[in-house]
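target_10.txt (compact mmCIF, C-alpha atoms) appears below.
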# COMPACT_ATOMS: atom_id res chain seq x y z
CA MET A 1 0.00 0.00 0.00
CA LEU A 2 2.87 2.37 0.88
CA GLY A 3 4.70 1.43 -2.32
CA GLN A 4 1.56 2.19 -4.32
CA ALA A 5 1.18 5.57 -2.60
CA ILE A 6 4.82 6.48 -3.35
CA ALA A 7 4.34 5.37 -6.96
CA LEU A 8 1.22 7.49 -7.37
CA CYS A 9 3.01 10.49 -5.92
CA GLY A 10 5.71 9.92 -8.58
CA SER A 11 3.06 9.77 -11.32
CA LEU A 12 1.27 12.84 -10.00
CA LEU A 13 4.67 14.56 -10.00
CA ALA A 14 4.94 13.53 -13.67
CA GLY A 15 1.53 15.16 -14.29
CA TYR A 16 2.65 18.26 -12.43
CA ILE A 17 5.83 18.39 -14.60
CA LEU A 18 3.62 18.13 -17.72
CA GLU A 19 1.40 20.92 -16.39
CA LEU A 20 4.42 23.16 -15.72
CA ASN A 21 5.80 22.49 -19.23
CA LYS A 22 2.47 22.42 -21.10
CA ALA A 23 3.34 25.52 -23.14
CA SER A 24 6.47 23.95 -24.69
CA LEU A 25 4.82 20.51 -24.97
CA THR A 26 1.87 21.91 -26.96
CA LEU A 27 4.29 23.88 -29.17
CA PHE A 28 6.25 20.70 -30.00
CA ALA A 29 3.90 18.87 -32.36
CA GLY A 30 3.94 15.16 -31.59
CA ALA A 31 5.06 15.36 -27.94
CA PHE A 32 1.67 14.26 -26.56
CA LEU A 33 1.44 11.63 -29.29
CA LEU A 34 4.76 10.11 -28.25
CA LEU A 35 4.41 10.52 -24.50
CA PRO A 36 2.29 7.40 -23.75
CA GLY A 37 4.55 5.27 -25.98
CA VAL A 38 7.83 6.21 -24.27
CA VAL A 39 6.30 6.23 -20.78
CA ASP A 40 4.84 2.78 -21.39
CA LEU A 41 8.06 1.48 -22.93
CA ALA A 42 10.29 2.74 -20.09
CA ALA A 43 7.92 1.32 -17.47
CA SER A 44 7.38 -2.03 -19.17
CA ILE A 45 11.09 -2.67 -19.83
CA THR A 46 11.94 -1.73 -16.24
CA GLY A 47 9.07 -3.88 -14.91
CA ALA A 48 10.06 -6.87 -17.03
CA MET A 49 13.73 -6.46 -16.03
CA CYS A 50 12.87 -6.40 -12.32
CA ALA A 51 10.53 -9.40 -12.57
CA LYS A 52 13.20 -11.33 -14.50
CA ILE A 53 15.91 -10.49 -11.95
CA ASN A 54 13.65 -11.68 -9.12
CA HIS A 55 12.60 -14.93 -10.80
CA ARG A 56 16.17 -15.78 -11.93
CA LEU A 57 17.55 -15.16 -8.45
CA GLU A 58 14.77 -17.37 -7.08
CA LYS A 59 15.99 -20.13 -9.40
CA GLY A 60 19.49 -19.77 -7.87
CA GLY A 61 21.32 -17.59 -10.42
CA ARG A 62 24.50 -15.70 -9.41
CA THR A 63 23.53 -12.17 -8.37
CA ALA A 64 26.24 -10.29 -10.32
CA THR A 65 25.63 -12.28 -13.53
CA VAL A 66 21.85 -11.98 -13.30
CA LEU A 67 22.08 -8.21 -12.68
CA LYS A 68 24.61 -7.57 -15.47
CA ASN A 69 22.74 -9.63 -18.06
CA SER A 70 19.33 -8.23 -17.16
CA VAL A 71 20.45 -4.57 -17.17
CA LEU A 72 22.34 -4.99 -20.47
CA PHE A 73 19.35 -6.73 -22.05
CA ALA A 74 17.10 -3.90 -20.80
CA PHE A 75 19.45 -1.37 -22.48
CA LEU A 76 19.34 -3.34 -25.72
CA LEU A 77 15.53 -3.37 -25.56
CA SER A 78 15.50 0.32 -24.69
CA LEU A 79 17.56 1.31 -27.73
CA THR A 80 15.92 -0.94 -30.29
CA CYS A 81 12.35 -0.54 -29.05
CA GLY A 82 12.88 3.24 -28.61
CA LEU A 83 13.86 3.32 -32.27
CA ILE A 84 10.78 1.29 -33.25
CA VAL A 85 8.47 3.60 -31.23
CA GLY A 86 10.24 6.65 -32.72
CA LEU A 87 9.84 5.38 -36.28
CA VAL A 88 6.20 4.39 -35.79
CA GLY A 89 5.44 7.64 -33.88
CA GLY A 90 7.19 9.72 -36.56
CA THR A 91 5.24 7.99 -39.33
CA ILE A 92 1.89 8.40 -37.53
CA GLY A 93 2.79 12.01 -36.73
CA VAL A 94 3.59 12.82 -40.37
CA ILE A 95 0.43 11.15 -41.66
CA VAL A 96 -2.10 12.36 -39.05
CA PHE A 97 -0.73 15.62 -37.61
CA ASP A 98 1.84 16.74 -40.23
CA VAL A 99 4.68 16.88 -37.67
CA PRO A 100 8.44 16.67 -38.50
CA PHE A 101 9.37 12.97 -38.63
CA PHE A 102 12.95 13.27 -37.30
CA HIS A 103 11.95 15.45 -34.33
CA VAL A 104 9.55 12.75 -33.10
CA ALA A 105 11.99 9.89 -33.80
CA ALA A 106 14.88 11.77 -32.11
CA LEU A 107 12.68 12.57 -29.10
CA ALA A 108 11.82 8.86 -28.63
CA VAL A 109 15.40 7.57 -28.90
CA ALA A 110 16.98 10.35 -26.79
CA THR A 111 14.33 9.88 -24.08
CA MET A 112 14.81 6.09 -23.93
CA ILE A 113 18.61 6.40 -23.69
CA SER A 114 18.45 9.06 -20.96
CA VAL A 115 15.77 7.26 -18.94
CA GLY A 116 17.56 3.90 -19.27
CA LEU A 117 20.84 5.30 -17.96
CA VAL A 118 19.18 6.23 -14.68
CA SER A 119 16.23 3.88 -14.34
CA TYR A 120 17.64 0.39 -15.06
CA PRO A 121 20.62 0.42 -12.66
CA ALA A 122 18.54 2.12 -9.95
CA MET A 123 15.57 -0.27 -10.20
CA SER A 124 17.72 -3.41 -10.42
CA LEU A 125 19.46 -2.39 -7.19
CA LEU A 126 16.07 -1.65 -5.60
CA THR A 127 14.88 -5.16 -6.57
CA LEU A 128 17.91 -6.63 -4.79
CA PHE A 129 17.28 -4.46 -1.75
CA ILE A 130 13.61 -5.55 -1.55
CA ARG A 131 14.69 -9.23 -1.78
CA LYS A 132 17.18 -8.63 1.04
CA THR A 133 14.38 -7.31 3.26
CA GLY A 134 12.52 -10.61 2.73
CA ALA A 135 9.58 -9.08 0.83
CA ASP A 136 8.43 -10.28 -2.61
CA PRO A 137 9.63 -7.73 -5.22
CA ASP A 138 6.76 -8.78 -7.56
CA ASN A 139 4.35 -7.12 -5.10
CA ILE A 140 6.34 -3.91 -4.60
CA ILE A 141 8.60 -3.10 -7.53
CA GLY A 142 5.83 -2.70 -10.16
CA PRO A 143 4.16 0.32 -8.57
CA VAL A 144 7.46 1.88 -7.44
CA GLU A 145 9.22 1.59 -10.79
CA THR A 146 6.25 2.96 -12.76
CA GLY A 147 6.01 5.99 -10.47
CA PHE A 148 9.74 6.58 -10.74
CA THR A 149 9.95 6.07 -14.52
CA ASP A 150 6.79 8.17 -15.11
CA ALA A 151 8.27 11.20 -13.35
CA LEU A 152 11.69 10.63 -14.93
CA THR A 153 10.23 10.19 -18.44
CA ALA A 154 7.96 13.25 -18.16
CA PHE A 155 10.92 15.31 -16.95
CA THR A 156 13.23 13.94 -19.69
CA VAL A 157 10.66 14.50 -22.48
CA SER A 158 10.04 18.06 -21.26
CA MET A 159 13.77 18.85 -21.17
CA ILE A 160 14.48 17.31 -24.61
CA VAL A 161 11.46 19.14 -26.09
CA ARG A 162 12.88 22.42 -24.77
CA LEU A 163 16.24 21.60 -26.38
CA LEU A 164 14.66 20.69 -29.71
CA LEU A 165 12.32 23.72 -29.91
CA MET B 1 21.34 -23.06 -30.93
CA LYS B 2 22.73 -19.52 -31.40
CA SER B 3 20.27 -18.72 -34.17
CA LYS B 4 17.44 -19.97 -31.95
CA LYS B 5 18.56 -17.58 -29.18
CA LEU B 6 18.89 -14.70 -31.67
CA PHE B 7 15.41 -15.43 -32.98
CA LYS B 8 14.06 -15.35 -29.41
CA VAL B 9 15.77 -11.97 -28.73
CA LEU B 10 14.47 -10.51 -32.01
CA PHE B 11 10.99 -11.80 -31.18
CA ILE B 12 11.10 -10.07 -27.77
CA ILE B 13 12.41 -6.79 -29.29
CA PHE B 14 9.74 -6.90 -31.96
CA SER B 15 6.88 -7.69 -29.58
CA VAL B 16 7.91 -5.10 -26.94
CA GLY B 17 8.54 -2.44 -29.62
CA ILE B 18 5.26 -3.11 -31.36
CA ALA B 19 3.36 -3.32 -28.04
CA SER B 20 4.68 0.13 -27.04
CA SER B 21 4.03 1.49 -30.51
CA ILE B 22 0.41 0.41 -30.06
CA SER B 23 0.36 2.77 -27.01
CA LEU B 24 0.69 5.55 -29.58
CA ILE B 25 -2.97 4.88 -30.41
CA GLY B 26 -3.72 6.31 -26.95
CA GLY B 27 -1.28 9.13 -27.78
CA LEU B 28 -3.27 9.89 -30.94
CA GLY B 29 -6.32 10.61 -28.79
CA ILE B 30 -4.36 12.78 -26.36
CA GLU B 31 -2.58 14.69 -29.18
CA ALA B 32 -5.95 15.32 -30.84
CA VAL B 33 -7.48 16.83 -27.68
CA GLN B 34 -4.27 18.37 -26.24
CA HIS B 35 -5.47 21.99 -26.47
CA ASP B 36 -8.64 21.15 -24.51
CA LEU B 37 -6.82 18.79 -22.14
CA VAL B 38 -4.25 21.36 -20.97
CA LYS B 39 -7.14 23.60 -19.83
CA ILE B 40 -8.49 20.85 -17.50
CA ILE B 41 -5.53 21.10 -15.11
CA PRO B 42 -6.59 18.40 -12.56
CA LEU B 43 -7.11 15.84 -15.33
CA LEU B 44 -3.75 16.73 -16.96
CA ILE B 45 -2.02 16.29 -13.58
CA ALA B 46 -3.87 13.01 -12.94
CA LEU B 47 -3.26 11.64 -16.47
CA PRO B 48 0.11 9.86 -15.81
CA ALA B 49 -1.14 8.64 -12.43
CA LEU B 50 -4.31 7.15 -13.91
CA ASN B 51 -2.29 5.61 -16.69
CA SER B 52 0.34 4.13 -14.40
CA LEU B 53 -2.23 3.02 -11.80
CA VAL B 54 -3.97 0.72 -14.28
CA GLY B 55 -0.54 -0.25 -15.67
CA ASP B 56 0.67 -1.10 -12.14
CA TYR B 57 -2.25 -3.39 -11.47
CA ALA B 58 -1.87 -4.95 -14.91
CA THR B 59 1.86 -5.53 -14.13
CA LEU B 60 1.03 -6.91 -10.68
CA ILE B 61 -1.54 -9.34 -12.06
CA ALA B 62 0.80 -10.32 -14.93
CA ALA B 63 3.83 -10.80 -12.63
CA HIS B 64 1.76 -13.10 -10.41
CA ALA B 65 0.59 -14.98 -13.48
CA GLY B 66 4.22 -15.34 -14.66
CA ASP B 67 5.49 -16.69 -11.35
CA PRO B 68 5.14 -20.50 -11.31
CA THR B 69 4.65 -20.60 -7.52
CA GLU B 70 1.72 -18.13 -7.78
CA ARG B 71 -0.18 -19.93 -10.52
CA GLY B 72 -1.86 -22.33 -8.10
CA ARG B 73 -3.36 -19.56 -5.99
CA SER B 74 -6.96 -18.53 -6.32
CA LYS B 75 -7.44 -15.47 -8.51
CA TRP B 76 -10.07 -14.24 -6.03
CA GLU B 77 -7.35 -13.98 -3.37
CA LEU B 78 -5.51 -11.58 -5.65
CA VAL B 79 -8.69 -9.56 -6.33
CA ARG B 80 -9.50 -9.36 -2.59
CA ALA B 81 -5.91 -8.28 -1.82
CA MET B 82 -6.07 -5.58 -4.50
CA LEU B 83 -9.42 -4.00 -3.58
CA PRO B 84 -8.35 -1.84 -0.57
CA SER B 85 -5.25 -0.73 -2.47
CA VAL B 86 -7.29 0.29 -5.54
CA ALA B 87 -9.74 2.27 -3.36
CA THR B 88 -6.92 4.08 -1.50
CA SER B 89 -5.07 4.84 -4.75
CA THR B 90 -8.21 6.28 -6.35
CA LEU B 91 -8.77 8.56 -3.36
CA LEU B 92 -5.10 9.63 -3.42
CA ILE B 93 -5.25 10.51 -7.14
CA LEU B 94 -8.50 12.45 -6.71
CA GLY B 95 -7.26 14.28 -3.60
CA LEU B 96 -3.78 15.21 -4.79
CA SER B 97 -4.78 16.15 -8.35
CA THR B 98 -7.49 18.42 -6.92
CA VAL B 99 -5.06 20.06 -4.48
CA LEU B 100 -2.38 20.50 -7.17
CA GLY B 101 -4.99 21.79 -9.64
CA PHE B 102 -6.16 24.31 -7.06
CA GLN B 103 -2.53 25.30 -6.41
CA ARG B 104 -2.07 25.90 -10.17
CA GLY B 105 -5.07 28.22 -10.16
CA TYR B 106 -7.80 26.00 -11.64
CA HIS B 107 -11.31 27.31 -10.94
CA PHE B 108 -13.29 24.37 -9.49
CA THR B 109 -17.08 24.15 -9.66
CA ALA B 110 -19.33 21.62 -7.86
CA SER B 111 -20.53 20.10 -11.15
CA PHE B 112 -16.95 19.75 -12.44
CA LEU B 113 -15.88 18.02 -9.21
CA ALA B 114 -18.81 15.58 -9.34
CA THR B 115 -18.12 14.74 -13.00
CA TYR B 116 -14.39 14.42 -12.34
CA VAL B 117 -14.86 12.03 -9.39
CA MET B 118 -17.40 9.89 -11.27
CA PHE B 119 -15.18 9.70 -14.34
CA VAL B 120 -12.01 8.70 -12.41
CA VAL B 121 -13.79 5.99 -10.36
CA CYS B 122 -15.62 4.45 -13.34
CA ALA B 123 -12.53 4.56 -15.58
CA ILE B 124 -10.29 2.79 -13.02
CA ILE B 125 -12.82 0.04 -12.24
CA SER B 126 -13.60 -0.72 -15.87
CA VAL B 127 -9.95 -0.81 -17.05
CA ILE B 128 -8.76 -3.05 -14.18
CA THR B 129 -11.63 -5.50 -14.73
CA VAL B 130 -10.84 -5.80 -18.44
CA MET B 131 -7.09 -6.22 -17.69
CA PHE B 132 -7.70 -9.00 -15.18
CA ILE B 133 -9.73 -11.03 -17.66
CA LEU B 134 -7.24 -10.38 -20.48
CA THR B 135 -4.22 -11.43 -18.37
CA LEU B 136 -5.83 -14.77 -17.53
CA ILE B 137 -6.48 -15.46 -21.22
CA LEU B 138 -2.99 -14.36 -22.38
CA ASP B 139 -1.18 -16.30 -19.62
CA ALA B 140 -2.96 -19.48 -20.66
CA LEU B 141 -1.99 -18.87 -24.31
CA LEU B 142 1.69 -18.10 -23.51
CA LYS B 143 2.02 -21.21 -21.33
CA LYS B 144 0.93 -23.28 -24.31
CA GLN B 145 3.58 -21.57 -26.51
CA LYS B 146 6.28 -22.17 -23.80
CA LEU B 147 7.27 -18.46 -23.83
CA ASN B 148 8.41 -16.63 -20.66
CA PRO B 149 5.37 -14.52 -19.60
CA ASP B 150 7.74 -12.01 -17.87
CA ASP B 151 9.05 -10.86 -21.27
CA ILE B 152 5.79 -10.71 -23.17
CA LEU B 153 2.80 -10.56 -20.82
CA ILE B 154 3.76 -7.38 -18.89
CA PRO B 155 4.43 -5.18 -21.97
CA ILE B 156 1.23 -6.40 -23.66
CA VAL B 157 -1.15 -5.87 -20.73
CA THR B 158 0.37 -2.49 -19.77
CA THR B 159 0.05 -1.34 -23.37
CA ILE B 160 -3.58 -2.38 -23.63
CA SER B 161 -4.39 -0.77 -20.27
CA ASP B 162 -2.72 2.46 -21.54
CA ILE B 163 -4.86 2.52 -24.66
CA PHE B 164 -8.05 1.90 -22.67
CA MET B 165 -7.28 4.59 -20.12
CA LEU B 166 -5.99 7.22 -22.59
CA GLY B 167 -8.92 6.49 -24.89
CA LEU B 168 -11.36 7.03 -22.02
CA ILE B 169 -9.57 10.29 -21.05
CA ALA B 170 -9.60 11.59 -24.64
CA LEU B 171 -13.30 10.73 -24.99
CA ALA B 172 -14.04 12.37 -21.63
CA VAL B 173 -12.20 15.57 -22.63
CA LYS B 174 -14.13 15.67 -25.90
CA PHE B 175 -17.62 14.73 -24.70
CA ILE B 176 -17.91 15.03 -20.88
CA PHE B 177 -15.80 17.94 -19.59

What does the file become when written as structure tokens?
Amino acid sequence: MLGQAIALCGSLLAGYILELNKASLTLFAGAFLLLPGVVDLAASITGAMCAKINHRLEKGGRTATVLKNSVLFAFLLSLTCGLIVGLVGGTIGVIVFDVPFFHVAALAVATMISVGLVSYPAMSLLTLFIRKTGADPDNIIGPVETGFTDALTAFTVSMIVRLLL
Amino acid sequence: MKSKKLFKVLFIIFSVGIASSISLIGGLGIEAVQHDLVKIIPLLIALPALNSLVGDYATLIAAHAGDPTERGRSKWELVRAMLPSVATSTLLILGLSTVLGFQRGYHFTASFLATYVMFVVCAIISVITVMFILTLILDALLKKQKLNPDDILIPIVTTISDIFMLGLIALAVKFIF
């Protein structure tokens, strides 16, 4: 329950960041189009990485190896899937809203790289910490990582949009 | 053996990338109503929280489905365990988004508040119910295909919950608020 409350505070912080930057976000055509895609991608890769770390450690994997492989795989997913979302978002943006393709694609890739650099190492260490306390990370990490990645992604998108404008 | 592993990695990249790209359908709705949405400050502030709340519960349900030790448990136990948390989270979103909206200078009326509360409550309940049913179906399908549900199930259910929630928000901005 506490984890969920912290997560929601993170997400409401993300909403507050969007509200503070709404002027630049509405000026950058395609930002609102891309936002759910990158937020969802960052959260789902982080969630999948944490669940995988937990289940592999439960099966008796070596902590350092499990962590290294899972974080690296998350980075690989982040880069490649960020590119896919950027390309799809750019194409949809050009067709439906007549927005510049490369701006949208660059926003997706740059956001995924920046978020991944902070989020994956931090959340993998948090998963380990939760396991050490004896709690089940499956019950806690989902809400916490989505709150954290939501705020981080909203902040990163807002900052990159300001740079690109 | 190596090509089999490469195929598996490519399959995961493709499915996660496509699943997140499908979230852009929700983004289409939000982009289309963005100029009206930014005027409804409490809803704009609550948007990521509503989205991640349904995503969280979708992830929680999917992670339990993906854990072999959890599969034997009754699904009703999970529903009963989630109910107080869902109620508290809904109240927290409504309370904090209203306070932050007020702090940002939004002019609240009684009719807006009533509509806002009704919309948030109904949207959360309907999306979580749909996600729960969908996760059960997808988990059964993935088990048959011998794929790790951790890699596939979580991205798929969070994506679908995003589309549902963002679609409801876009429709509400257009037709209710």

Checklist entry - Just how far from atom CA of A:Asn69 is atom CA of B:Leu6, in Å to one decimal? => result 15.0 Å

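Our summary of the geometry notes that atom CA of A:Ala48 is positioned 25.2 Å from atom CA of B:Pro84.
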
Each chain A residue no farther than 6 Å from chain B, nearest pair in Å, all atoms listed in the file, as JSON lines:
{"residue": "A:Met1", "atom": "CA", "partner": "B:Ser85", "partner_atom": "CA", "distance": 5.8}
{"residue": "A:Leu8", "atom": "CA", "partner": "B:Ala49", "partner_atom": "CA", "distance": 5.7}
{"residue": "A:Ser11", "atom": "CA", "partner": "B:Ala49", "partner_atom": "CA", "distance": 4.5}
{"residue": "A:Leu12", "atom": "CA", "partner": "B:Ala49", "partner_atom": "CA", "distance": 5.4}
{"residue": "A:Gly15", "atom": "CA", "partner": "B:Ile45", "partner_atom": "CA", "distance": 3.8}
{"residue": "A:Tyr16", "atom": "CA", "partner": "B:Ile45", "partner_atom": "CA", "distance": 5.2}
{"residue": "A:Phe32", "atom": "CA", "partner": "B:Glu31", "partner_atom": "CA", "distance": 5.0}
{"residue": "A:Leu33", "atom": "CA", "partner": "B:Gly27", "partner_atom": "CA", "distance": 4.0}
{"residue": "A:Pro36", "atom": "CA", "partner": "B:Gly27", "partner_atom": "CA", "distance": 5.7}
{"residue": "A:Gly37", "atom": "CA", "partner": "B:Ser23", "partner_atom": "CA", "distance": 5.0}
{"residue": "A:Leu41", "atom": "CA", "partner": "B:Ser20", "partner_atom": "CA", "distance": 5.5}
{"residue": "A:Ser44", "atom": "CA", "partner": "B:Pro155", "partner_atom": "CA", "distance": 5.1}
{"residue": "A:Ala48", "atom": "CA", "partner": "B:Asp150", "partner_atom": "CA", "distance": 5.7}
{"residue": "A:Leu77", "atom": "CA", "partner": "B:Ile13", "partner_atom": "CA", "distance": 5.9}
{"residue": "A:Cys81", "atom": "CA", "partner": "B:Gly17", "partner_atom": "CA", "distance": 4.3}
{"residue": "A:Ile84", "atom": "CA", "partner": "B:Gly17", "partner_atom": "CA", "distance": 5.7}
{"residue": "A:Val85", "atom": "CA", "partner": "B:Ser21", "partner_atom": "CA", "distance": 5.0}
{"residue": "A:Gly142", "atom": "CA", "partner": "B:Asp56", "partner_atom": "CA", "distance": 5.8}
{"residue": "A:Pro143", "atom": "CA", "partner": "B:Asp56", "partner_atom": "CA", "distance": 5.2}

Next on the checklist: Give me the residues near stretch 98-114 of chain A as a ChimeraX atom specification, where near means some atom within 8 Å (using only C-alpha atoms) and where sequence neighbours in that chain fewer than 2 positions away do not count.
Outcome noted: /A:29-31,34,38,42,75,78-79,82-83,85-87,89-91,93-96,116-118,153,156-157,160-161,164

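Separating atom CA of A:Cys9 from atom CA of B:Gln103 is a distance of 15.8 Å.
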
Checklist outcome for this item: Nearest to A:Val39, restricted to all atoms listed in the file and choosing among A:Asp150, A:Thr133, A:Leu165, A:Leu125, comes out as A:Asp150

Checklist outcome for this item: Counting all atoms listed in the file, the residue among A:Asp138, A:Tyr120, A:Leu18, A:Ala151 that lies closest to A:Leu67 is A:Tyr120

How would stretch 155-167 of chain B look with N, CA and C atoms restored, written as a short mmCIF file (atom, residue, chain, number, x, y, z; two decimals), in the coordinates of the input?
data_model
loop_
_atom_site.label_atom_id
_atom_site.label_comp_id
_atom_site.auth_asym_id
_atom_site.auth_seq_id
_atom_site.Cartn_x
_atom_site.Cartn_y
_atom_site.Cartn_z
N PRO B 155 4.57 -6.25 -20.96
CA PRO B 155 4.43 -5.18 -21.97
C PRO B 155 3.06 -5.16 -22.65
N ILE B 156 2.51 -6.36 -22.94
CA ILE B 156 1.23 -6.40 -23.66
C ILE B 156 0.10 -5.84 -22.80
N VAL B 157 -0.01 -6.33 -21.55
CA VAL B 157 -1.15 -5.87 -20.73
C VAL B 157 -1.02 -4.41 -20.34
N THR B 158 0.23 -3.92 -20.11
CA THR B 158 0.37 -2.49 -19.77
C THR B 158 0.01 -1.63 -20.98
N THR B 159 0.38 -2.09 -22.16
CA THR B 159 0.05 -1.34 -23.37
C THR B 159 -1.46 -1.25 -23.57
N ILE B 160 -2.13 -2.38 -23.41
CA ILE B 160 -3.58 -2.38 -23.63
C ILE B 160 -4.27 -1.52 -22.57
N SER B 161 -3.78 -1.60 -21.32
CA SER B 161 -4.39 -0.77 -20.27
C SER B 161 -4.18 0.72 -20.57
N ASP B 162 -2.99 1.07 -21.13
CA ASP B 162 -2.72 2.46 -21.54
C ASP B 162 -3.73 2.95 -22.55
N ILE B 163 -3.95 2.11 -23.58
CA ILE B 163 -4.86 2.52 -24.66
C ILE B 163 -6.27 2.73 -24.10
N PHE B 164 -6.71 1.79 -23.26
CA PHE B 164 -8.05 1.90 -22.67
C PHE B 164 -8.17 3.20 -21.88
N MET B 165 -7.18 3.44 -21.00
CA MET B 165 -7.28 4.59 -20.12
C MET B 165 -7.15 5.90 -20.90
N LEU B 166 -6.16 5.98 -21.82
CA LEU B 166 -5.99 7.22 -22.59
C LEU B 166 -7.18 7.46 -23.51
N GLY B 167 -7.73 6.37 -24.05
CA GLY B 167 -8.92 6.49 -24.89
C GLY B 167 -10.09 7.06 -24.09
#
